[in-house]
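Asks: If it helps, the file is called start.cif and holds mmCIF, C-alpha atoms:
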data_final
loop_
_atom_site.label_atom_id
_atom_site.label_comp_id
_atom_site.auth_asym_id
_atom_site.auth_seq_id
_atom_site.Cartn_x
_atom_site.Cartn_y
_atom_site.Cartn_z
CA MET J 1 126.28 57.54 92.50
CA ALA J 2 126.32 60.58 94.78
CA ALA J 3 123.33 62.92 95.10
CA PRO J 4 122.07 63.36 91.53
CA ALA J 5 122.66 66.91 90.31
CA TYR J 6 119.83 68.09 88.09
CA PRO J 7 119.93 71.42 86.23
CA GLY J 8 118.45 74.41 88.08
CA TRP J 9 115.24 74.62 86.06
CA VAL J 10 114.33 71.04 86.96
CA THR J 11 114.24 71.71 90.70
CA ARG J 12 112.37 74.97 90.19
CA TRP J 13 109.80 73.32 87.95
CA VAL J 14 109.32 70.43 90.36
CA SER J 15 108.85 72.69 93.34
CA GLY J 16 106.06 74.47 91.49
CA GLN J 17 107.76 77.84 91.74
CA TRP J 18 106.88 78.64 88.14
CA ARG J 19 103.20 78.24 88.74
CA ASN J 20 102.90 80.66 91.65
CA LYS J 21 101.67 84.09 90.68
CA LYS J 22 99.96 86.47 93.03
CA ARG J 23 96.26 86.26 92.29
CA PRO J 24 93.28 87.37 94.30
CA PRO J 25 91.61 84.27 95.74
CA ALA J 26 88.52 82.97 93.96
CA LEU J 27 85.55 83.17 96.33
CA ASP J 28 81.94 82.13 96.03
CA LEU J 29 80.33 84.99 94.21
CA CYS J 30 78.78 87.37 96.65
CA THR J 31 75.35 88.60 95.73
CA VAL J 32 74.10 92.06 96.65
CA GLU J 33 71.64 90.65 99.20
CA ALA J 34 74.43 88.81 101.01
CA VAL J 35 76.42 92.01 101.33
CA SER J 36 73.39 93.89 102.68
CA MET J 37 72.66 91.00 105.04
CA LYS J 38 76.20 91.21 106.30
CA SER J 39 75.86 94.90 107.00
CA GLN J 40 72.76 94.20 109.15
CA THR J 41 74.07 91.24 111.11
CA PRO J 42 77.71 90.86 112.13
CA GLU J 43 77.53 87.11 111.54
CA VAL J 44 78.38 86.09 108.04
CA SER J 45 77.13 82.86 106.61
CA GLY J 46 78.58 81.55 103.44
CA CYS J 47 79.81 84.44 101.44
CA LEU J 48 82.66 86.79 102.19
CA SER J 49 82.49 90.44 101.26
CA PRO J 50 84.44 91.54 98.19
CA LEU J 51 88.07 91.90 99.04
CA GLU J 52 89.49 95.35 99.49
CA ALA J 53 92.77 96.77 100.66
CA THR J 54 92.90 97.50 104.40
CA CYS J 55 94.53 100.35 106.29
CA ILE J 56 94.66 102.75 103.38
CA THR J 57 93.63 105.77 105.44
CA GLU J 58 96.33 105.13 108.04
CA MET J 59 98.86 104.67 105.28
CA SER J 60 97.94 107.93 103.58
CA VAL J 61 98.08 109.80 106.89
CA MET J 62 101.52 108.36 107.52
CA MET J 63 102.71 109.29 104.05
CA ALA J 64 101.44 112.87 104.46
CA CYS J 65 103.41 113.08 107.70
CA TRP J 66 106.48 111.73 105.89
CA LYS J 67 106.18 114.31 103.16
CA GLN J 68 106.09 117.09 105.72
CA ASN J 69 109.02 115.82 107.76
CA ASP J 70 111.32 114.74 104.94
CA PHE J 71 110.78 111.00 105.57
CA ASN J 72 112.19 111.10 109.10
CA ASP J 73 110.70 108.49 111.38
CA ALA J 74 111.10 110.25 114.70
CA PRO J 75 108.47 113.00 114.28
CA CYS J 76 106.00 110.57 112.69
CA ALA J 77 106.12 107.98 115.47
CA GLU J 78 102.43 108.37 116.36
CA GLU J 79 101.20 107.82 112.79
CA ILE J 80 103.52 104.87 112.34
CA ARG J 81 102.20 103.31 115.54
CA MET J 82 98.62 103.77 114.34
CA PHE J 83 99.50 102.14 111.02
CA TYR J 84 101.05 99.15 112.78
CA ASP J 85 97.97 98.79 115.02
CA CYS J 86 95.67 98.89 112.02
CA VAL J 87 97.77 96.29 110.20
CA ALA J 88 97.79 93.95 113.21
CA LYS J 89 94.02 94.30 113.60
CA ALA J 90 93.40 93.61 109.90
CA GLU J 91 95.66 90.56 110.05
CA LYS J 92 93.78 89.18 113.05
CA GLU J 93 90.44 89.78 111.37
CA ARG J 94 91.63 88.03 108.25
CA LYS J 95 92.70 85.03 110.31
CA ASN J 96 89.33 84.86 112.06
CA GLN J 97 87.47 85.29 108.82
CA ASN J 98 89.35 82.42 107.22
CA GLU J 99 87.45 79.85 109.24
CA ASP J 100 85.56 77.40 107.17
CA THR J 101 81.95 78.42 107.04
CA LEU J 102 79.25 76.48 105.27
CA SER J 103 78.26 77.73 101.87
CA SER J 104 74.72 78.97 101.21
CA ARG J 105 73.56 75.47 100.30
CA GLY J 106 74.78 74.02 103.59
CA ASN J 107 77.70 71.91 102.36
CA LEU J 108 81.43 72.49 102.31
CA PRO J 109 83.30 72.47 99.00
CA SER J 110 85.60 69.51 98.58
CA SER J 111 88.83 71.55 98.71
CA LYS J 112 87.93 72.86 102.21
CA VAL J 113 87.02 69.34 103.33
CA ASN J 114 90.37 68.08 102.08
CA LYS J 115 92.25 70.84 103.92
CA LEU J 116 90.43 70.06 107.18
CA LEU J 117 91.09 66.35 106.88
CA ARG J 118 94.76 67.04 106.25
CA ARG J 119 94.98 69.24 109.32
CA PHE J 120 93.31 66.66 111.58
CA PRO J 121 94.27 63.28 110.17
CA GLN J 122 93.09 59.89 111.37
CA ILE J 123 95.52 58.82 114.08
CA THR J 124 96.31 55.21 113.33
CA ARG J 125 98.79 54.57 116.12
CA TYR J 126 99.71 56.16 119.37
CA VAL J 127 103.38 56.50 120.17
CA ARG L 1 101.64 69.02 98.84
CA LEU L 2 104.86 67.07 98.82
CA ARG L 3 105.46 64.52 96.14
CA ALA L 4 107.16 61.24 96.95
CA TRP L 5 110.03 61.79 94.55
CA LEU L 6 110.79 65.36 95.69
CA PRO L 7 113.66 64.34 97.99
CA ARG L 8 115.36 62.60 95.10
CA ILE L 9 115.37 65.70 92.94
CA MET L 10 115.95 68.52 95.37
CA PRO L 11 117.33 68.40 98.93
CA VAL L 12 114.49 68.81 101.42
CA ARG L 13 114.93 69.72 105.04
CA TRP L 14 112.74 67.33 107.01
CA SER L 15 113.16 66.25 110.61
CA ARG L 16 113.40 62.58 111.49
CA TYR L 17 111.88 63.09 114.93
CA ASN L 18 108.68 61.33 115.91
CA PRO L 19 105.87 63.91 116.19
CA SER L 20 105.56 63.12 119.90
CA TYR L 21 108.94 64.74 120.64
CA LEU L 22 108.72 68.17 122.31
CA GLU L 23 110.95 71.20 121.87
CA PRO L 24 113.63 71.75 124.57
CA GLU L 25 113.22 74.64 127.01
CA VAL L 26 116.49 76.52 127.29
CA LYS L 27 115.68 79.55 129.47
CA LYS L 28 116.95 79.14 133.04
CA GLU L 29 114.29 81.46 134.50
CA SER L 30 111.47 79.09 133.62
CA TYR L 31 112.99 76.35 135.79
CA GLN L 32 113.63 78.60 138.78
CA LYS L 33 109.99 79.58 139.28
CA PRO L 34 108.46 77.96 142.42
CA LEU L 35 105.59 75.52 141.86
CA GLU L 36 102.85 77.77 143.22
CA GLU L 37 103.45 80.56 140.74
CA LEU L 38 102.76 78.42 137.69
CA THR L 39 99.45 78.80 135.94
CA ASP L 40 97.32 75.81 134.97
CA GLU L 41 98.65 75.68 131.43
CA GLU L 42 102.20 75.62 132.65
CA ARG L 43 101.41 72.82 135.08
CA GLU L 44 99.92 70.80 132.25
CA GLN L 45 102.97 71.52 130.12
CA MET L 46 105.25 70.28 132.92
CA GLU L 47 103.24 67.10 133.30
CA LEU L 48 103.38 66.53 129.57
CA LYS L 49 107.14 67.01 129.60
CA ALA L 50 107.50 64.34 132.28
CA VAL L 51 105.93 61.80 129.94
CA ARG L 52 107.04 62.70 126.43
CA PRO L 53 110.57 62.53 125.01
CA ILE L 54 112.35 65.81 124.17
CA LYS L 55 114.36 66.71 121.08
CA ALA L 56 118.08 67.40 121.36
CA ALA L 57 118.88 71.09 121.67
CA PRO L 58 120.57 72.41 118.51
CA PRO L 59 123.94 74.15 118.98
CA ILE L 60 122.36 77.48 117.98
CA LEU L 61 120.16 77.56 121.09
CA SER L 62 122.03 78.62 124.19
CA SER L 63 120.98 79.54 127.72
CA SER L 64 123.82 81.96 128.39
CA VAL L 65 123.15 85.61 129.15
CA PHE L 66 125.43 86.66 126.32
CA SER L 67 123.49 84.97 123.56
CA ASP L 68 121.11 87.11 121.57
CA PRO L 69 118.76 85.74 118.88
CA MET L 70 119.16 88.81 116.66
CA ILE L 71 122.93 88.65 116.78
CA SER L 72 122.93 84.93 115.97
CA LYS L 73 120.56 85.58 113.07
CA PHE L 74 122.88 88.28 111.79
CA THR L 75 125.92 86.00 112.09
CA ASN L 76 124.10 83.29 110.18
CA MET L 77 123.35 85.72 107.41
CA MET L 78 126.97 86.83 107.28
CA MET L 79 128.16 83.23 107.15
CA LYS L 80 129.49 81.97 103.83
CA SER L 81 129.58 78.27 102.89
CA GLY L 82 129.04 77.12 106.44
CA ASN L 83 132.03 78.89 107.97
CA LYS L 84 130.33 79.74 111.26
CA VAL L 85 133.67 80.15 113.10
CA LEU L 86 134.70 82.98 110.78
CA ALA L 87 131.29 84.65 110.88
CA ARG L 88 131.21 84.58 114.69
CA SER L 89 134.72 85.95 114.98
CA LEU L 90 133.82 88.76 112.55
CA MET L 91 130.74 89.56 114.63
CA SER L 92 132.69 89.71 117.90
CA GLN L 93 135.37 91.85 116.26
CA THR L 94 132.63 94.19 115.01
CA LEU L 95 131.16 94.56 118.49
CA GLU L 96 134.62 95.18 119.90
CA ALA L 97 135.32 97.82 117.24
CA ILE L 98 132.04 99.58 118.06
CA LYS L 99 132.92 99.57 121.77
CA ARG L 100 136.38 100.94 121.10
CA LYS L 101 135.09 103.76 118.91
CA GLN L 102 132.42 104.72 121.41
CA LEU L 103 134.90 104.65 124.31
CA GLU L 104 137.24 106.88 122.38
CA LYS L 105 134.41 109.35 121.83
CA TYR L 106 133.41 109.06 125.46
CA HIS L 107 136.84 109.90 126.81
CA LYS L 108 137.31 112.81 124.46
CA ALA L 109 133.90 114.34 125.12
CA PRO L 110 133.38 117.14 127.69
CA GLU L 111 131.69 116.32 131.00
CA ASN L 112 128.15 117.34 130.14
CA GLU L 113 128.03 115.25 126.95
CA LYS L 114 129.42 112.07 128.49
CA GLU L 115 126.00 110.73 129.42
CA THR L 116 124.56 111.02 125.93
CA ILE L 117 127.19 108.74 124.37
CA GLU L 118 125.97 105.13 124.21
CA CYS L 119 128.75 102.63 124.85
CA ASN L 120 126.94 99.29 124.90
CA PRO L 121 127.51 97.68 121.47
CA TYR L 122 124.41 95.49 121.79
CA VAL L 123 122.19 98.50 122.34
CA ILE L 124 123.79 100.21 119.34
CA PHE L 125 123.27 97.12 117.21
CA HIS L 126 119.61 96.79 118.10
CA GLN L 127 118.88 100.47 117.67
CA ALA L 128 120.69 100.60 114.32
CA LEU L 129 118.71 97.60 113.07
CA LYS L 130 115.49 99.18 114.22
CA ASN L 131 116.36 102.39 112.41
CA CYS L 132 117.10 100.47 109.22
CA GLN L 133 113.83 98.57 109.14
CA PRO L 134 111.48 99.73 106.38
CA ILE L 135 107.87 100.38 107.37
CA ILE L 136 106.20 99.75 104.03
CA GLY L 137 107.36 97.50 101.25
CA LEU L 138 106.58 97.24 97.57
CA SER L 139 105.25 94.11 95.96
CA ASN L 140 104.62 93.26 92.32
CA ILE L 141 100.95 92.81 91.53
CA THR L 142 99.82 92.02 88.01
CA LYS L 143 96.56 93.57 86.92
CA GLY L 144 95.28 93.76 83.39
CA GLY L 145 98.53 92.49 81.94
CA LYS L 146 100.74 95.11 83.59
CA THR L 147 102.77 94.67 86.78
CA TYR L 148 102.54 97.48 89.29
CA GLN L 149 104.64 98.14 92.37
CA VAL L 150 102.04 98.29 95.12
CA PRO L 151 102.81 99.59 98.64
CA VAL L 152 102.16 96.80 101.09
CA PRO L 153 102.63 96.48 104.88
CA LEU L 154 105.45 94.11 105.82
CA THR L 155 105.61 91.52 108.60
CA ASP L 156 108.12 91.89 111.43
CA ASN L 157 110.27 89.03 110.18
CA ARG L 158 110.44 90.52 106.71
CA LYS L 159 111.44 93.93 108.08
CA ARG L 160 114.23 92.44 110.19
CA PHE L 161 115.45 90.35 107.30
CA LEU L 162 115.50 93.33 104.92
CA ALA L 163 117.39 95.50 107.42
CA MET L 164 120.04 92.83 107.99
CA LYS L 165 120.31 92.04 104.30
CA TRP L 166 120.80 95.67 103.35
CA LEU L 167 123.49 96.12 105.98
CA ILE L 168 125.41 93.07 104.86
CA THR L 169 125.24 93.81 101.12
CA GLU L 170 126.22 97.41 101.75
CA CYS L 171 129.27 96.33 103.73
CA ARG L 172 130.29 93.72 101.21
CA GLU L 173 130.08 95.84 98.12
CA ASN L 174 130.82 99.46 98.93
CA LYS L 175 134.12 99.13 100.68
CA HIS L 176 137.73 99.60 99.80
CA ARG L 177 139.59 96.45 98.89
CA ARG L 178 141.74 96.56 102.00
CA THR L 179 139.22 97.47 104.72
CA MET L 180 138.24 94.56 106.91
CA MET L 181 134.60 93.62 107.36
CA PRO L 182 134.37 94.32 111.12
CA GLU L 183 135.68 97.84 110.61
CA LYS L 184 133.27 98.61 107.79
CA LEU L 185 130.34 97.01 109.64
CA SER L 186 131.04 98.99 112.81
CA GLN L 187 131.15 102.15 110.72
CA GLU L 188 127.80 101.35 109.10
CA LEU L 189 126.19 100.41 112.40
CA LEU L 190 127.26 103.64 114.04
CA LEU L 191 125.96 105.66 111.08
CA ALA L 192 122.66 103.79 111.18
CA PHE L 193 122.44 104.38 114.93
CA ASN L 194 122.49 108.11 114.19
CA ASN L 195 120.04 107.79 111.29
CA GLU L 196 122.63 108.60 108.65
CA GLY L 197 124.48 106.47 106.14
CA PRO L 198 123.68 104.57 102.93
CA VAL L 199 121.39 101.95 104.49
CA ILE L 200 119.06 104.58 105.91
CA LYS L 201 119.17 106.29 102.52
CA LYS L 202 118.09 103.05 100.88
CA LYS L 203 115.21 102.77 103.32
CA HIS L 204 114.17 106.35 102.52
CA VAL L 205 114.31 105.60 98.79
CA LEU L 206 111.96 102.66 99.35
CA HIS L 207 109.59 104.85 101.35
CA LYS L 208 109.65 107.51 98.63
CA MET L 209 108.79 104.97 95.96
CA ALA L 210 105.96 103.63 98.10
CA GLU L 211 104.70 107.17 98.57
CA ALA L 212 104.87 107.83 94.85
CA ASN L 213 102.88 104.68 94.14
CA ARG L 214 100.30 105.22 96.81
CA ALA L 215 97.58 105.47 94.17
CA TYR L 216 98.02 101.77 93.43
CA ALA L 217 97.38 100.82 97.04
CA HIS L 218 93.85 99.77 96.12
CA PHE L 219 95.16 96.92 94.00
CA ARG L 220 95.82 94.96 97.16
CA TRP L 221 93.21 92.43 98.19
CA TRP L 222 94.39 91.78 101.70
#
In structure tokens, how does this file's structure come out?
Replies:
Amino acid sequence: MAAPAYPGWVTRWVSGQWRNKKRPPALDLCTVEAVSMKSQTPEVSGCLSPLEATCITEMSVMMACWKQNDFNDAPCAEEIRMFYDCVAKAEKERKNQNEDTLSSRGNLPSSKVNKLLRRFPQITRYV
Amino acid sequence: RLRAWLPRIMPVRWSRYNPSYLEPEVKKESYQKPLEELTDEEREQMELKAVRPIKAAPPILSSSVFSDPMISKFTNMMMKSGNKVLARSLMSQTLEAIKRKQLEKYHKAPENEKETIECNPYVIFHQALKNCQPIIGLSNITKGGKTYQVPVPLTDNRKRFLAMKWLITECRENKHRRTMMPEKLSQELLLAFNNEGPVIKKKHVLHKMAEANRAYAHFRWW
């Protein structure tokens, strides 16, 4: 038998495409004291601040410029550059923030442990 | 999370190479540098390459001066059912058509305007693609049961892909039955180079929608 041809919905269901919906990630609940602690010290331990959209000011400045210049890109080059810079900075910060930090009780949740172990597996043989 | 029976149900693109194999280095300039100019990392990389095996270079990678990653990406997107020969010939005919049109304009133009006319088809292609790239995209975010179109910054890859996709769909659909693809594509590229044409209009429509929905920008969480 050649490569078995299953109907389209089978492959989509198997690949888990039907389960993926965009949802904000579930974090450890951040208490008020943790947020105030974070504002005092730059180091964060355990909890991440409530998620908010980044670069909104740059975006609104850029859109105001667009409205004035009839959506041409040439006169708005400065604002667009600032928007791109802000986006790149936010992306870098998000990557740095994603490091696995210990929770307030001093242990890592099992999902994070599993992810780490998958990234750095036990090398059983050297080729 | 790959399941063991996934390859039996849907075709999966995995590589059979041992993880110790390294990627091939195609650029000629990196081999012509004298030993002293290399930094420490590059020395380590060279030593590693002396020991480890290297993967075979795929036919897409080339070290010639005429190859351009953007153009090869565009040809791949134009390709239908694996007919790379046809896609590449269409691409070269498009570039030739652009050159011919620009040369015609150049020779007809008066002396003072001759310098402003751009004749290099690669430059025109790159500039047209850059002009077509959207700056903000819209993404569907569901909140409270309703889906909203939220303005969202796009990555570079996504912008390039959208620009190329719009160009190709525009050329495939909105043309007369008897016009050839290279001719239509060269037309569209020249219009996009001058910030006119239907692809730029589509980009402006997207920007306008993003601007209209800017109130929903707070629904993002990244």
Asks: Would you translate the PyMOL selection byres ((chain L) within 7 of (chain J)) into the concrete set of residues it matches in this file, as a PDB file with C-alpha atoms, keeping the file's coordinate frame?
Replies:
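Now in expr10.pdb:
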ATOM      1  CA  ILE L   9     115.370  65.700  92.940  1.00  0.00           C
ATOM      2  CA  MET L  10     115.950  68.520  95.370  1.00  0.00           C
ATOM      3  CA  SER L  20     105.560  63.120 119.900  1.00  0.00           C
ATOM      4  CA  ILE L 141     100.950  92.810  91.530  1.00  0.00           C
ATOM      5  CA  HIS L 204     114.170 106.350 102.520  1.00  0.00           C
ATOM      6  CA  GLU L 211     104.700 107.170  98.570  1.00  0.00           C
ATOM      7  CA  HIS L 218      93.850  99.770  96.120  1.00  0.00           C
ATOM      8  CA  ARG L 220      95.820  94.960  97.160  1.00  0.00           C
ATOM      9  CA  TRP L 221      93.210  92.430  98.190  1.00  0.00           C
ATOM     10  CA  TRP L 222      94.390  91.780 101.700  1.00  0.00           C
TER      11      TRP L 222
END
Asks: For the atom pair atom CA of L:Lys108 and atom CA of L:Asn120, what is the interatomic distance in Å to one decimal place?
Replies: 17.0 Å
Asks: Hey, which of J:Thr124, J:Gln97, J:Asn69, J:Thr57 ends up closest to J:Met82? Count all atoms listed in the file.
Replies: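 Residue with the minimum atom-to-atom distance to J:Met82: J:Thr57.
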Asks: Could you work out how far atom CA of L:Pro121 lies from atom CA of L:Lys99, giving the answer in Å with one decimal?
Replies: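 Distance reported for this atom pair: 5.7 Å.
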Asks: I want to know what sits within 6 Å of stretch 80-91 of chain L, based on all atoms listed in the file, with residues of the same chain fewer than 3 positions away left out; could you give that as a list of chain:residue names?
Replies: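 Non-adjacent residues within range: L:Thr75, L:Thr94, L:Pro182.
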Asks: Using the chain letters and residue numbers of this document, give as a count of residues only the residues selected by the PyMOL selection byres ((chain L and resi 53) around 9).
Replies: 9
Asks: Out of L:Val199, L:Gly145, L:Arg172, L:Ala56, which residue has the shortest atom-to-atom distance to L:Arg16 when counting all atoms listed in the file?
Replies: L:Ala56
Asks: Go through L:Leu191, L:Ala109, L:Met70, L:Leu154 and flag the residue nearest L:Ile136, using only C-alpha atoms for the distances.
Replies: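 Residue with the minimum atom-to-atom distance to L:Ile136: L:Leu154.
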Asks: Have a look at atom CA of L:Val123 and atom CA of L:Phe193 and let me know their distance in Å, one decimal.
Replies: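 Interatomic distance here is 9.5 Å.
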Asks: Applied to this file, what does the PyMOL selection byres ((chain L and resi 119) around 12) return in terms of residues, put as a PyMOL selection string?
Replies: chain L and resi 95-107+114-118+120-125+190+193
Asks: For each of L:Ala163, L:Gln149, L:Ile135, L:Glu111, take the minimum atom-to-atom distance to J:Arg81, counting only C-alpha atoms, then give the residue where this is smallest.
Replies: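 Going through L:Ala163, L:Gln149, L:Ile135, L:Glu111 one by one, the smallest distance to J:Arg81 is for L:Ile135.
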